[in-house]
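A.B. asks: This is protein-v2.txt, which holds compact mmCIF, C-alpha atoms and all ligand atoms:
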# COMPACT_ATOMS: atom_id res chain seq x y z
CA MET Q 986 -17.25 -36.00 11.71
CA LEU Q 987 -13.97 -36.14 13.57
CA SER Q 988 -12.23 -33.68 11.27
CA ALA Q 989 -15.04 -31.10 11.64
CA GLN Q 990 -14.81 -31.38 15.44
CA THR Q 991 -11.04 -31.10 15.35
CA LEU Q 992 -11.22 -28.03 13.14
CA ASP Q 993 -13.90 -26.45 15.39
CA ALA Q 994 -11.69 -26.93 18.43
CA MET Q 995 -8.72 -25.44 16.61
CA ILE Q 996 -10.81 -22.44 15.50
CA VAL Q 997 -11.97 -21.73 19.07
CA ALA Q 998 -8.42 -22.00 20.40
CA CYS Q 999 -7.11 -19.66 17.70
CA GLU Q 1000 -9.93 -17.14 18.27
CA ASN Q 1001 -9.04 -17.06 21.98
CA ALA Q 1002 -5.36 -16.59 21.26
CA LYS Q 1003 -6.03 -13.83 18.73
CA SER Q 1004 -6.90 -11.09 21.19
CA VAL Q 1005 -3.90 -12.00 23.36
CA LEU Q 1006 -1.61 -11.71 20.33
CA ARG Q 1007 -3.16 -8.42 19.35
CA ARG Q 1008 -2.72 -7.00 22.85
CA ALA Q 1009 0.94 -7.99 22.74
CA ALA Q 1010 1.44 -6.29 19.38
CA ILE Q 1011 -0.65 -3.17 19.74
CA ASP Q 1012 -0.88 -0.62 22.50
CA PRO Q 1013 -2.79 -1.90 25.55
CA SER Q 1014 -5.27 0.94 25.03
CA GLU Q 1015 -6.57 -1.55 22.40
CA ARG Q 1016 -6.57 0.90 19.50
CA LYS Q 1017 -3.51 1.59 17.46
CA THR Q 1018 -2.35 5.18 17.77
CA LEU Q 1019 0.22 6.95 15.68
CA ASN Q 1020 2.92 7.92 18.16
CA ILE Q 1021 5.70 8.78 15.77
CA THR Q 1022 7.69 11.93 16.29
CA LEU Q 1023 10.21 13.12 13.74
CA SER Q 1024 13.31 15.21 14.27
CA ALA Q 1025 13.54 18.58 12.52
CA ALA Q 1026 15.94 17.11 9.92
CA VAL Q 1027 13.69 14.15 9.09
CA ALA Q 1028 10.47 16.22 9.07
CA ALA Q 1029 12.08 18.89 6.89
CA ALA Q 1030 13.21 16.27 4.37
CA TYR Q 1031 9.68 14.86 4.04
CA LEU Q 1032 8.47 18.45 3.60
CA ASP Q 1033 11.11 19.18 0.90
CA ARG Q 1034 12.49 21.93 3.13
CA THR Q 1035 15.70 22.38 5.15
CA PRO Q 1036 15.64 22.36 8.97
CA GLU Q 1037 16.97 25.94 8.86
CA GLY Q 1038 14.17 26.98 6.49
CA LEU Q 1039 11.61 25.47 8.88
CA ALA Q 1040 13.19 27.23 11.87
CA LYS Q 1041 13.12 30.56 10.02
CA ALA Q 1042 9.43 30.18 9.11
CA GLU Q 1043 8.73 29.35 12.76
CA ALA Q 1044 10.70 32.35 14.02
CA ARG Q 1045 8.83 34.67 11.64
CA GLY Q 1046 5.50 33.33 12.84
CA ARG Q 1047 4.57 31.83 9.45
CA LEU Q 1048 4.43 28.49 11.27
CA PRO Q 1049 3.35 27.74 14.84
CA ALA Q 1050 6.13 27.27 17.42
CA PRO Q 1051 7.42 23.68 17.24
CA LYS Q 1052 7.14 21.13 20.03
CA VAL Q 1053 10.38 20.80 21.99
CA ALA Q 1054 11.59 17.64 23.74
CA SER Q 1055 13.22 17.63 27.18
CA ASN Q 1056 16.65 17.53 25.48
CA GLY Q 1057 15.82 20.83 23.75
CA ARG Q 1058 15.34 19.30 20.30
CA ARG Q 1059 12.41 20.28 18.06
CA PHE Q 1060 10.12 17.45 16.96
CA TYR Q 1061 7.10 17.02 14.72
CA THR Q 1062 4.13 14.68 14.45
CA VAL Q 1063 2.40 13.66 11.21
CA ALA Q 1064 -0.46 16.06 12.10
CA ASP Q 1065 2.11 18.87 12.61
CA MET Q 1066 3.52 18.21 9.15
CA ILE Q 1067 0.05 18.36 7.59
CA ALA Q 1068 -0.54 21.70 9.35
CA ILE Q 1069 2.85 23.00 8.13
CA ARG Q 1070 2.02 22.07 4.54
CA GLU Q 1071 -1.33 23.86 4.83
CA ALA Q 1072 0.32 26.97 6.32
CA LEU Q 1073 3.03 27.08 3.64
CA GLY Q 1074 0.62 26.19 0.82
CA ILE Q 1075 2.73 23.18 -0.20
CA ARG Q 1076 0.21 20.33 -0.04
CA PRO Q 1077 1.31 17.79 -2.66
CA GLY Q 1078 -0.94 15.66 -4.82
CA LYS Q 1079 -3.52 16.16 -7.49
CA ALA Q 1080 -5.18 19.43 -8.49
CA ASP Q 1081 -8.83 19.76 -7.41
CA ASP Q 1082 -10.17 18.75 -10.80
CA GLU Q 1083 -7.85 15.73 -11.19
CA ARG Q 1084 -8.37 12.15 -10.06
CA ALA Q 1085 -6.60 9.91 -7.59
CA VAL Q 1086 -3.97 7.63 -9.11
CA VAL Q 1087 -4.79 3.97 -8.42
CA VAL Q 1088 -1.75 1.74 -7.84
CA ALA Q 1089 -2.10 -2.06 -7.61
CA VAL Q 1090 0.81 -3.77 -5.83
CA GLN Q 1091 0.22 -7.02 -7.62
CA ASN Q 1092 1.73 -10.38 -8.44
CA PHE Q 1093 -0.14 -13.64 -8.11
CA LYS Q 1094 2.76 -15.35 -6.37
CA GLY Q 1095 2.23 -15.63 -2.62
CA GLY Q 1096 4.61 -14.19 -0.02
CA VAL Q 1097 6.57 -11.89 -2.36
CA SER Q 1098 6.01 -8.84 -0.08
CA LYS Q 1099 2.91 -7.41 -1.77
CA SER Q 1100 1.20 -6.33 1.46
CA THR Q 1101 4.42 -5.21 3.15
CA THR Q 1102 5.36 -3.11 0.12
CA ALA Q 1103 1.82 -1.69 -0.17
CA LYS Q 1104 1.68 -0.81 3.55
CA HIS Q 1105 5.09 0.91 3.50
CA LEU Q 1106 4.19 2.77 0.29
CA ALA Q 1107 0.96 4.00 1.90
CA ASP Q 1108 2.77 5.21 5.03
CA TYR Q 1109 5.56 6.82 3.00
CA LEU Q 1110 2.97 8.73 0.95
CA GLY Q 1111 1.20 9.65 4.20
CA LEU Q 1112 4.45 11.15 5.51
CA ARG Q 1113 4.89 13.02 2.24
CA GLY Q 1114 1.47 14.63 2.78
CA TYR Q 1115 -0.69 12.83 0.24
CA ARG Q 1116 -4.28 11.77 0.98
CA VAL Q 1117 -4.21 8.01 0.65
CA LEU Q 1118 -6.87 5.32 0.46
CA VAL Q 1119 -5.81 1.69 0.87
CA VAL Q 1120 -8.15 -0.99 -0.46
CA ASP Q 1121 -7.54 -4.42 1.03
CA CYS Q 1122 -8.75 -6.89 -1.60
CA ASP Q 1123 -7.35 -10.01 0.06
CA PRO Q 1124 -9.68 -12.20 2.19
CA GLN Q 1125 -6.62 -12.86 4.41
CA ALA Q 1126 -7.02 -9.18 5.42
CA SER Q 1127 -3.43 -8.72 6.56
CA MET Q 1128 -3.40 -5.10 5.40
CA SER Q 1129 -6.58 -4.40 7.40
CA VAL Q 1130 -4.96 -5.92 10.48
CA MET Q 1131 -1.86 -3.73 9.96
CA PHE Q 1132 -4.18 -0.71 9.96
CA ASP Q 1133 -5.82 -2.06 13.13
CA ILE Q 1134 -9.24 -2.80 11.73
CA ASN Q 1135 -11.22 -4.99 14.09
CA LEU Q 1136 -12.41 -7.67 11.70
CA GLU Q 1137 -15.10 -8.91 14.11
CA GLU Q 1138 -16.81 -5.53 13.89
CA LEU Q 1139 -17.27 -6.08 10.17
CA ILE Q 1140 -19.20 -9.33 10.53
CA ASP Q 1141 -22.62 -7.71 11.01
CA GLU Q 1142 -21.76 -4.67 8.96
CA THR Q 1143 -23.60 -4.35 5.64
CA HIS Q 1144 -21.28 -1.79 4.08
CA THR Q 1145 -18.23 -3.93 3.41
CA LEU Q 1146 -16.08 -4.42 0.34
CA SER Q 1147 -17.39 -8.00 0.07
CA ASN Q 1148 -20.98 -6.78 -0.07
CA PHE Q 1149 -20.12 -3.99 -2.46
CA LEU Q 1150 -18.36 -6.33 -4.88
CA SER Q 1151 -20.99 -9.05 -4.65
CA PRO Q 1152 -23.02 -9.36 -7.87
CA GLN Q 1153 -26.06 -10.03 -5.67
CA MET Q 1154 -25.94 -6.52 -4.20
CA ASP Q 1155 -27.10 -3.69 -6.36
CA ASP Q 1156 -26.25 -0.68 -4.23
CA ALA Q 1157 -24.31 1.32 -6.76
CA ASP Q 1158 -23.40 4.21 -4.44
CA SER Q 1159 -22.23 2.24 -1.41
CA PHE Q 1160 -18.49 2.07 -2.00
CA ALA Q 1161 -17.76 5.24 0.00
CA LYS Q 1162 -19.61 3.71 2.98
CA THR Q 1163 -17.09 0.85 3.17
CA ILE Q 1164 -14.24 3.28 3.99
CA ARG Q 1165 -12.87 3.68 7.51
CA HIS Q 1166 -10.41 6.05 9.13
CA THR Q 1167 -7.04 4.79 10.40
CA ALA Q 1168 -4.64 6.08 13.04
CA TRP Q 1169 -3.05 8.16 10.24
CA PRO Q 1170 -4.83 11.49 9.73
CA ASN Q 1171 -4.41 11.24 5.95
CA ILE Q 1172 -4.78 7.49 5.31
CA ASP Q 1173 -8.15 5.75 5.06
CA ILE Q 1174 -8.82 2.09 4.41
CA CYS Q 1175 -11.47 0.00 2.76
CA PRO Q 1176 -10.92 -3.17 4.81
CA ALA Q 1177 -11.23 -6.77 3.74
CA ASN Q 1178 -12.81 -9.62 5.64
CA LEU Q 1179 -13.31 -13.32 5.09
CA GLY Q 1180 -16.59 -12.63 3.26
CA LEU Q 1181 -14.45 -11.56 0.29
CA GLN Q 1182 -13.79 -15.22 -0.38
CA ASP Q 1183 -17.54 -15.87 -0.84
CA THR Q 1184 -17.74 -12.78 -3.02
CA GLU Q 1185 -14.97 -14.14 -5.22
CA TRP Q 1186 -17.04 -17.32 -5.75
CA GLU Q 1187 -20.16 -15.26 -6.49
CA LEU Q 1188 -18.25 -13.17 -9.01
CA THR Q 1189 -16.89 -16.33 -10.61
CA ALA Q 1190 -20.42 -17.70 -10.97
CA THR Q 1191 -21.27 -14.82 -13.35
CA ILE Q 1192 -19.48 -16.92 -15.98
CA GLU Q 1193 -22.87 -18.61 -16.38
CA ASP Q 1194 -24.56 -15.29 -17.19
CA GLY Q 1195 -22.73 -14.35 -20.35
CA PRO Q 1196 -20.06 -11.88 -21.48
CA SER Q 1197 -21.70 -8.65 -20.36
CA ALA Q 1198 -22.25 -9.93 -16.78
CA ILE Q 1199 -18.63 -11.13 -16.68
CA ALA Q 1200 -17.38 -7.76 -17.90
CA ASP Q 1201 -19.35 -6.03 -15.12
CA ALA Q 1202 -18.04 -8.53 -12.54
CA PHE Q 1203 -14.48 -7.75 -13.67
CA ARG Q 1204 -14.97 -4.00 -13.18
CA LYS Q 1205 -16.98 -3.68 -9.97
CA LEU Q 1206 -14.06 -2.20 -8.03
CA ARG Q 1207 -13.26 0.16 -10.89
CA PHE Q 1208 -16.86 1.45 -10.79
CA GLY Q 1209 -16.75 1.78 -6.97
CA LEU Q 1210 -13.52 3.76 -6.94
CA GLU Q 1211 -15.07 6.31 -9.32
CA GLU Q 1212 -17.14 7.50 -6.36
CA VAL Q 1213 -14.09 8.52 -4.31
CA ARG Q 1214 -11.38 9.34 -6.81
CA GLY Q 1215 -11.87 13.05 -6.22
CA ASP Q 1216 -11.26 12.69 -2.46
CA TYR Q 1217 -7.78 11.11 -2.45
CA ASP Q 1218 -4.46 11.61 -4.20
CA VAL Q 1219 -3.43 7.97 -4.30
CA ILE Q 1220 -5.42 4.75 -3.94
CA ILE Q 1221 -3.35 1.64 -3.19
CA LEU Q 1222 -4.76 -1.81 -3.89
CA ASP Q 1223 -3.52 -4.92 -2.06
CA PRO Q 1224 -4.74 -7.93 -4.08
CA PRO Q 1225 -4.80 -11.59 -3.04
CA PRO Q 1226 -2.08 -13.93 -4.32
CA ALA Q 1227 -4.21 -15.33 -7.14
CA MET Q 1228 -5.66 -14.27 -10.44
CA GLY Q 1229 -9.32 -14.91 -9.76
CA PHE Q 1230 -12.09 -12.37 -10.12
CA LEU Q 1231 -10.73 -10.28 -7.22
CA GLY Q 1232 -7.31 -10.16 -8.86
CA VAL Q 1233 -8.82 -9.13 -12.19
CA ASN Q 1234 -10.86 -6.44 -10.39
CA THR Q 1235 -7.68 -4.84 -9.06
CA LEU Q 1236 -6.05 -5.11 -12.50
CA THR Q 1237 -8.93 -3.33 -14.20
CA ALA Q 1238 -9.19 -0.67 -11.48
CA ALA Q 1239 -5.50 0.29 -11.55
CA ASP Q 1240 -3.79 3.18 -13.34
CA GLY Q 1241 -0.37 1.82 -12.48
CA LEU Q 1242 1.08 -1.56 -11.54
CA LEU Q 1243 3.86 -2.10 -9.05
CA ILE Q 1244 4.98 -5.74 -9.30
CA PRO Q 1245 7.02 -7.01 -6.34
CA VAL Q 1246 9.46 -9.76 -7.33
CA PRO Q 1247 12.16 -11.25 -5.06
CA ALA Q 1248 15.46 -11.95 -6.82
CA ARG Q 1249 14.86 -15.70 -6.74
CA GLN Q 1250 14.57 -17.89 -9.77
CA LEU Q 1251 11.14 -19.35 -9.01
CA ASP Q 1252 9.65 -15.93 -8.27
CA TYR Q 1253 11.19 -14.50 -11.40
CA LEU Q 1254 9.78 -17.31 -13.54
CA SER Q 1255 6.30 -17.13 -12.04
CA THR Q 1256 6.24 -13.38 -12.73
CA ILE Q 1257 6.46 -14.13 -16.46
CA HIS Q 1258 3.31 -16.19 -16.01
CA PHE Q 1259 1.70 -13.31 -14.10
CA MET Q 1260 2.47 -10.88 -16.91
CA GLN Q 1261 1.06 -13.25 -19.51
CA THR Q 1262 -2.13 -13.63 -17.48
CA CYS Q 1263 -2.42 -9.85 -17.08
CA ARG Q 1264 -2.00 -9.46 -20.82
CA GLU Q 1265 -4.76 -11.99 -21.51
CA ALA Q 1266 -7.10 -10.49 -18.92
CA LEU Q 1267 -6.59 -7.01 -20.36
CA GLU Q 1268 -7.17 -8.21 -23.89
CA LEU Q 1269 -10.42 -9.84 -22.83
CA ILE Q 1270 -11.67 -6.83 -20.92
CA SER Q 1271 -10.61 -4.28 -23.53
CA LYS Q 1272 -13.33 -5.68 -25.79
CA PHE Q 1273 -15.85 -4.21 -23.32
CA ASP Q 1274 -13.85 -1.30 -22.02
CA PRO Q 1275 -11.10 0.14 -24.21
CA THR Q 1276 -10.33 2.84 -21.59
CA ILE Q 1277 -8.39 0.45 -19.32
CA ASP Q 1278 -4.72 1.26 -19.66
CA TYR Q 1279 -1.71 1.80 -17.38
CA GLY Q 1280 0.28 4.99 -16.95
CA PHE Q 1281 3.14 2.88 -15.59
CA ILE Q 1282 4.15 -0.73 -14.97
CA ARG Q 1283 7.14 -1.13 -12.67
CA VAL Q 1284 8.84 -4.18 -11.22
CA VAL Q 1285 10.33 -3.73 -7.77
CA CYS Q 1286 12.81 -6.27 -6.46
CA THR Q 1287 11.82 -7.18 -2.89
CA MET Q 1288 13.45 -8.85 0.13
CA PHE Q 1289 16.81 -8.48 -1.59
CA GLN Q 1290 20.01 -9.84 0.00
CA PRO Q 1291 22.87 -8.33 -2.00
CA ASN Q 1292 25.49 -10.54 -0.30
CA ARG Q 1293 23.97 -13.71 -1.71
CA THR Q 1294 25.66 -14.38 -5.02
CA ASN Q 1295 22.64 -16.06 -6.62
CA GLU Q 1296 20.38 -13.14 -5.66
CA ALA Q 1297 22.89 -10.58 -6.91
CA GLN Q 1298 23.06 -12.46 -10.22
CA MET Q 1299 19.30 -12.78 -10.42
CA PHE Q 1300 18.96 -9.03 -9.79
CA GLN Q 1301 21.23 -8.39 -12.77
CA VAL Q 1302 19.04 -10.63 -14.91
CA MET Q 1303 15.99 -8.68 -13.76
CA GLU Q 1304 17.65 -5.34 -14.53
CA LYS Q 1305 18.44 -6.58 -18.01
CA THR Q 1306 15.11 -8.15 -18.85
CA TYR Q 1307 12.83 -5.51 -17.28
CA ALA Q 1308 15.17 -2.68 -18.38
CA GLY Q 1309 13.24 0.62 -18.24
CA GLN Q 1310 10.40 -0.95 -16.26
CA MET Q 1311 12.50 -1.72 -13.19
CA ILE Q 1312 12.58 0.41 -10.03
CA LYS Q 1313 16.32 1.08 -9.81
CA THR Q 1314 16.75 0.38 -6.09
CA PRO Q 1315 15.75 -3.02 -4.66
CA ILE Q 1316 13.96 -3.24 -1.30
CA LEU Q 1317 16.40 -4.93 1.04
CA LEU Q 1318 15.50 -7.79 3.31
CA SER Q 1319 15.56 -6.24 6.77
CA GLU Q 1320 15.03 -7.40 10.32
CA GLU Q 1321 13.51 -3.98 10.96
CA ILE Q 1322 10.72 -4.67 8.46
CA LYS Q 1323 10.24 -8.21 9.72
CA ASN Q 1324 10.00 -7.09 13.31
CA ALA Q 1325 7.70 -4.15 12.56
CA GLY Q 1326 5.51 -6.71 10.76
CA VAL Q 1327 5.30 -8.80 13.91
CA LEU Q 1328 4.06 -5.65 15.67
CA MET Q 1329 1.52 -5.24 12.85
CA SER Q 1330 3.22 -2.01 11.82
CA SER Q 1331 5.44 -0.54 9.16
CA ILE Q 1332 8.93 0.72 9.99
CA TYR Q 1333 7.55 4.24 9.50
CA GLU Q 1334 5.26 3.70 12.49
CA VAL Q 1335 7.84 2.63 15.04
CA ASN Q 1336 9.69 5.13 17.20
CA LYS Q 1337 12.22 2.69 18.57
CA PRO Q 1338 14.46 0.73 16.17
CA TYR Q 1339 14.55 -3.04 16.62
CA GLY Q 1340 18.32 -3.14 16.05
CA SER Q 1341 20.79 -0.26 16.01
CA HIS Q 1342 19.82 3.25 14.96
CA GLN Q 1343 22.12 2.79 11.98
CA THR Q 1344 20.34 -0.36 10.75
CA PHE Q 1345 16.99 1.35 11.12
CA THR Q 1346 18.15 4.44 9.22
CA ARG Q 1347 19.58 2.27 6.43
CA CYS Q 1348 16.27 0.43 6.12
CA ARG Q 1349 14.20 3.65 6.10
CA ASP Q 1350 16.54 5.35 3.58
CA ASN Q 1351 16.34 2.31 1.33
CA LEU Q 1352 12.53 2.40 1.36
CA ASN Q 1353 12.46 6.18 0.87
CA THR Q 1354 14.65 5.85 -2.23
CA VAL Q 1355 12.43 3.14 -3.69
CA PHE Q 1356 9.19 4.98 -2.95
CA ALA Q 1357 10.50 8.34 -4.17
CA GLU Q 1358 10.77 6.62 -7.55
CA VAL Q 1359 7.21 5.30 -7.29
CA GLU Q 1360 6.06 8.76 -6.14
CA ARG Q 1361 7.54 10.27 -9.30
CA GLU Q 1362 5.61 7.79 -11.45
CA ILE Q 1363 2.42 8.70 -9.60
CA CYS Q 1364 3.01 12.45 -9.98
CA LYS Q 1365 3.59 12.03 -13.70
CA GLN Q 1366 -0.05 10.92 -14.01
CA TRP Q 1367 -1.27 14.41 -13.01
CA PRO Q 1368 -0.74 17.01 -15.74
CA SER Q 1369 -0.67 19.72 -13.05
CA ARG Q 1370 2.30 18.09 -11.25
CA LEU Q 1371 4.35 16.81 -14.14
CA ALA Q 1372 6.81 19.68 -13.81
CA GLN Q 1373 7.35 19.41 -10.05
CA ILE Q 1374 7.73 15.71 -9.36
CA GLY Q 1375 9.16 14.34 -6.06
CA THR Q 1376 12.61 15.33 -5.01
CA ASP Q 1377 15.70 13.18 -5.50
CA LYS Q 1378 17.19 14.80 -2.43
CA LEU Q 1379 14.96 13.08 0.12
CA THR Q 1380 17.29 10.30 1.13
CA GLU Q 1381 20.38 12.50 1.15
CA ALA Q 1382 18.62 14.96 3.43
CA LEU Q 1383 17.49 12.24 5.82
N1 LIG G 1401 11.86 -6.40 2.96
C1 LIG G 1401 11.51 -7.32 3.88
N2 LIG G 1401 12.36 -7.64 4.86
C2 LIG G 1401 12.03 -8.57 5.78
N3 LIG G 1401 10.86 -9.23 5.80
C3 LIG G 1401 9.98 -8.94 4.83
C4 LIG G 1401 10.24 -7.97 3.82
N4 LIG G 1401 9.16 -7.91 3.01
C5 LIG G 1401 8.27 -8.80 3.49
N5 LIG G 1401 8.74 -9.42 4.57
C6 LIG G 1401 8.07 -10.47 5.36
O1 LIG G 1401 7.71 -11.52 4.46
C7 LIG G 1401 6.45 -12.08 4.80
C8 LIG G 1401 5.53 -12.04 3.59
O2 LIG G 1401 5.29 -10.69 3.26
P1 LIG G 1401 3.85 -10.19 2.77
O3 LIG G 1401 2.76 -10.66 3.65
O4 LIG G 1401 3.96 -8.73 2.55
O5 LIG G 1401 3.76 -10.93 1.37
P2 LIG G 1401 2.49 -11.02 0.40
O6 LIG G 1401 3.03 -11.11 -0.98
O7 LIG G 1401 1.53 -9.93 0.68
O8 LIG G 1401 1.88 -12.42 0.86
P3 LIG G 1401 0.46 -13.02 0.41
O9 LIG G 1401 0.66 -13.59 -0.93
O10 LIG G 1401 0.16 -14.06 1.45
O11 LIG G 1401 -0.54 -11.89 0.40
C9 LIG G 1401 5.94 -11.25 5.98
O12 LIG G 1401 6.22 -11.96 7.15
C10 LIG G 1401 6.76 -9.98 5.95
O13 LIG G 1401 6.97 -9.41 7.23
MG MG G 1402 -0.56 -10.00 1.07
As structure tokens - that is how I would like this structure written.
C.D. replies:
Amino acid sequence: MLSAQTLDAMIVACENAKSVLRRAAIDPSERKTLNITLSAAVAAAYLDRTPEGLAKAEARGRLPAPKVASNGRRFYTVADMIAIREALGIRPGKADDERAVVVAVQNFKGGVSKSTTAKHLADYLGLRGYRVLVVDCDPQASMSVMFDINLEELIDETHTLSNFLSPQMDDADSFAKTIRHTAWPNIDICPANLGLQDTEWELTATIEDGPSAIADAFRKLRFGLEEVRGDYDVIILDPPPAMGFLGVNTLTAADGLLIPVPARQLDYLSTIHFMQTCREALELISKFDPTIDYGFIRVVCTMFQPNRTNEAQMFQVMEKTYAGQMIKTPILLSEEIKNAGVLMSSIYEVNKPYGSHQTFTRCRDNLNTVFAEVEREICKQWPSRLAQIGTDKLTEAL
């Protein structure tokens, strides 16, 4: 078995290299920490306040005295911003008796920026003060790695997403036990691991057991999320690039779909196929569960290069065909995002721009504009927040 031996040797070599790569990407202390500090202007914008308003509240003692850098400038951490929201009574999100909004960032085409978009959306919402749960439904586990989950630790763990979703396990109340904290005080994750691939096969095997077993296998994640929907404002799902049983599970669990599509012909065409498959899956499942429906379906153009004529043209086609369903601003292709990805981070987590400060600010403003639109769609799902949806002024203020 020459090929088995070759593969074994390659696996060992890769395993050895993995920890070296991780050390290079993440703080030598071995655990990712959230070191970001925000200027008064940036923090105030995320808080929907002005820097002057913040300073006044601090001077009057409504807020604790801010931290001050050696250059005399005020700065804020994510934890400071959470404390400020508490003190001012401006925590955003659902009312106590409402449920978390579940957003699937989904498209079955590979490499269209699903995980990157989902990670940046999660961090943006974290900065805006929402309580976020990310569910990594992809056996590749790239989202879990970006949140610094040590996948080896999950191997002997019984409370994993793979075990929860497996039709062989009948532990109906174990979803909450799969959740772990991240370096963000207000973002938790339900991590993925390779076992999810086996679970997908087990779920697929329920085809032998008849329609009711299949319907249950399609909705396992939906049932699991019920347990925790009171504890978070937003739950973000990162599905694998395929429409197997895992993909259908994220479709049936979602309240809203965000579909990332690069402005490239092949991606555009395959998205039509994705939408048809979604339609068929929903029709099938609605026979068992008529409650599955979406509050919003939005296409977001990703990795956009406006200077490329064919992409600019393709974007116009997308705007025309998706009309009201399109997020107005495309996410630009950016070296900042690419480089943050190499460091297993989002651009919101880095303190030092990869390129110039200007390029970094352009990239962050672009993402803030896109996600402010998504935030508005999310807020519309809560009757209590319909009237006070996210501000349009965020990017201007930053
Ligand atoms: N806006 C962007 N600018 C620059 N690079 C990007 C951008 N979005 C994504 N990328 C890069 O493109 C690659 C693919 O992105 P990502 O992993 O998010 O795609 P995906 O759709 O989740 O892939 P998969 O189908 O394998 O799950 C990554 O290397 C990522 O860093
Ligand atoms: Mg992905």
A.B. asks: The residues within 12 Å of (-15.2, 3.3, -9.4), using all atoms listed in the file and the coordinates of the file, should be reported as a PyMOL selection string; which are they?
C.D. replies: chain Q and resi 1084-1085+1087+1149-1150+1157-1161+1201+1203-1215+1220+1234-1235+1237-1239
A.B. asks: Counting only C-alpha atoms, find the residues whose atoms lie at most 12 Å from (-17.6, -17.7, -11.1) (file coordinates) and write them out as JSON, numbers by chain.
C.D. replies: {"Q": [1151, 1152, 1182, 1183, 1184, 1185, 1186, 1187, 1188, 1189, 1190, 1191, 1192, 1193, 1194, 1195, 1198, 1199, 1202, 1203, 1229, 1230, 1231]}
A.B. asks: If you count all atoms listed in the file, which residues end up within 6 Å of ligand LIG 1401 (chain G), as a ChimeraX atom specification?
C.D. replies: /Q:1095-1101,1225-1226,1287-1288,1316-1320,1322-1323,1326
A.B. asks: Between Q:Phe1060, Q:Phe1289, Q:Phe1093, Q:Tyr1109, single out the one closest to ligand MG 1402 (chain G), counting all atoms listed in the file.
C.D. replies: Q:Phe1093
A.B. asks: Measure the distance from atom CA of Q:Val1285 to atom CA of Q:Val1233 in Å and round it to one decimal.
C.D. replies: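 Atom-to-atom, atom CA of Q:Val1285 to atom CA of Q:Val1233, that is 20.4 Å.
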A.B. asks: Which neighbours of Q:Ala1177 fall inside 10 Å, counting all atoms listed in the file, when residues of the same chain fewer than 6 positions from it are skipped, and could you give them as an MDAnalysis selection string?
C.D. replies: chainID Q and resid 1120:1130 1134 1136 1139 1145:1147 1163 1223
A.B. asks: Rounded to one decimal in Å, what is the spacing between atom CA of Q:Trp1367 and atom CA of Q:Lys1079?
C.D. replies: 6.2 Å
A.B. asks: Which of these residues is nearest to ligand MG 1402 (chain G), using only C-alpha atoms and all ligand atoms: Q:Ala1227, Q:Ile1172, Q:Ala1308, Q:Val1355?
C.D. replies: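 Closest to ligand MG 1402 (chain G) of all the choices is Q:Ala1227.
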A.B. asks: Could you rebuild stretch 1358-1369 of chain Q with N, CA and C atoms and give it back as a compact mmCIF listing (two decimals), keeping the file's coordinate frame?
C.D. replies:
# COMPACT_ATOMS: atom_id res chain seq x y z
N GLU Q 1358 10.89 6.96 -6.13
CA GLU Q 1358 10.77 6.62 -7.55
C GLU Q 1358 9.31 6.33 -7.93
N VAL Q 1359 8.63 5.60 -7.03
CA VAL Q 1359 7.21 5.30 -7.29
C VAL Q 1359 6.41 6.61 -7.24
N GLU Q 1360 6.76 7.47 -6.28
CA GLU Q 1360 6.06 8.76 -6.14
C GLU Q 1360 6.18 9.57 -7.44
N ARG Q 1361 7.36 9.54 -8.04
CA ARG Q 1361 7.54 10.27 -9.30
C ARG Q 1361 6.63 9.72 -10.39
N GLU Q 1362 6.50 8.40 -10.45
CA GLU Q 1362 5.61 7.79 -11.45
C GLU Q 1362 4.17 8.23 -11.21
N ILE Q 1363 3.79 8.28 -9.95
CA ILE Q 1363 2.42 8.70 -9.60
C ILE Q 1363 2.20 10.16 -10.03
N CYS Q 1364 3.17 11.02 -9.67
CA CYS Q 1364 3.01 12.45 -9.98
C CYS Q 1364 2.93 12.71 -11.49
N LYS Q 1365 3.61 11.86 -12.25
CA LYS Q 1365 3.59 12.03 -13.70
C LYS Q 1365 2.18 11.84 -14.27
N GLN Q 1366 1.31 11.19 -13.51
CA GLN Q 1366 -0.05 10.92 -14.01
C GLN Q 1366 -0.94 12.17 -13.90
N TRP Q 1367 -0.48 13.18 -13.13
CA TRP Q 1367 -1.27 14.41 -13.01
C TRP Q 1367 -0.64 15.50 -13.87
N PRO Q 1368 -1.32 15.96 -14.89
CA PRO Q 1368 -0.74 17.01 -15.74
C PRO Q 1368 -0.28 18.21 -14.91
N SER Q 1369 -1.03 18.54 -13.84
CA SER Q 1369 -0.67 19.72 -13.05
C SER Q 1369 0.65 19.56 -12.30
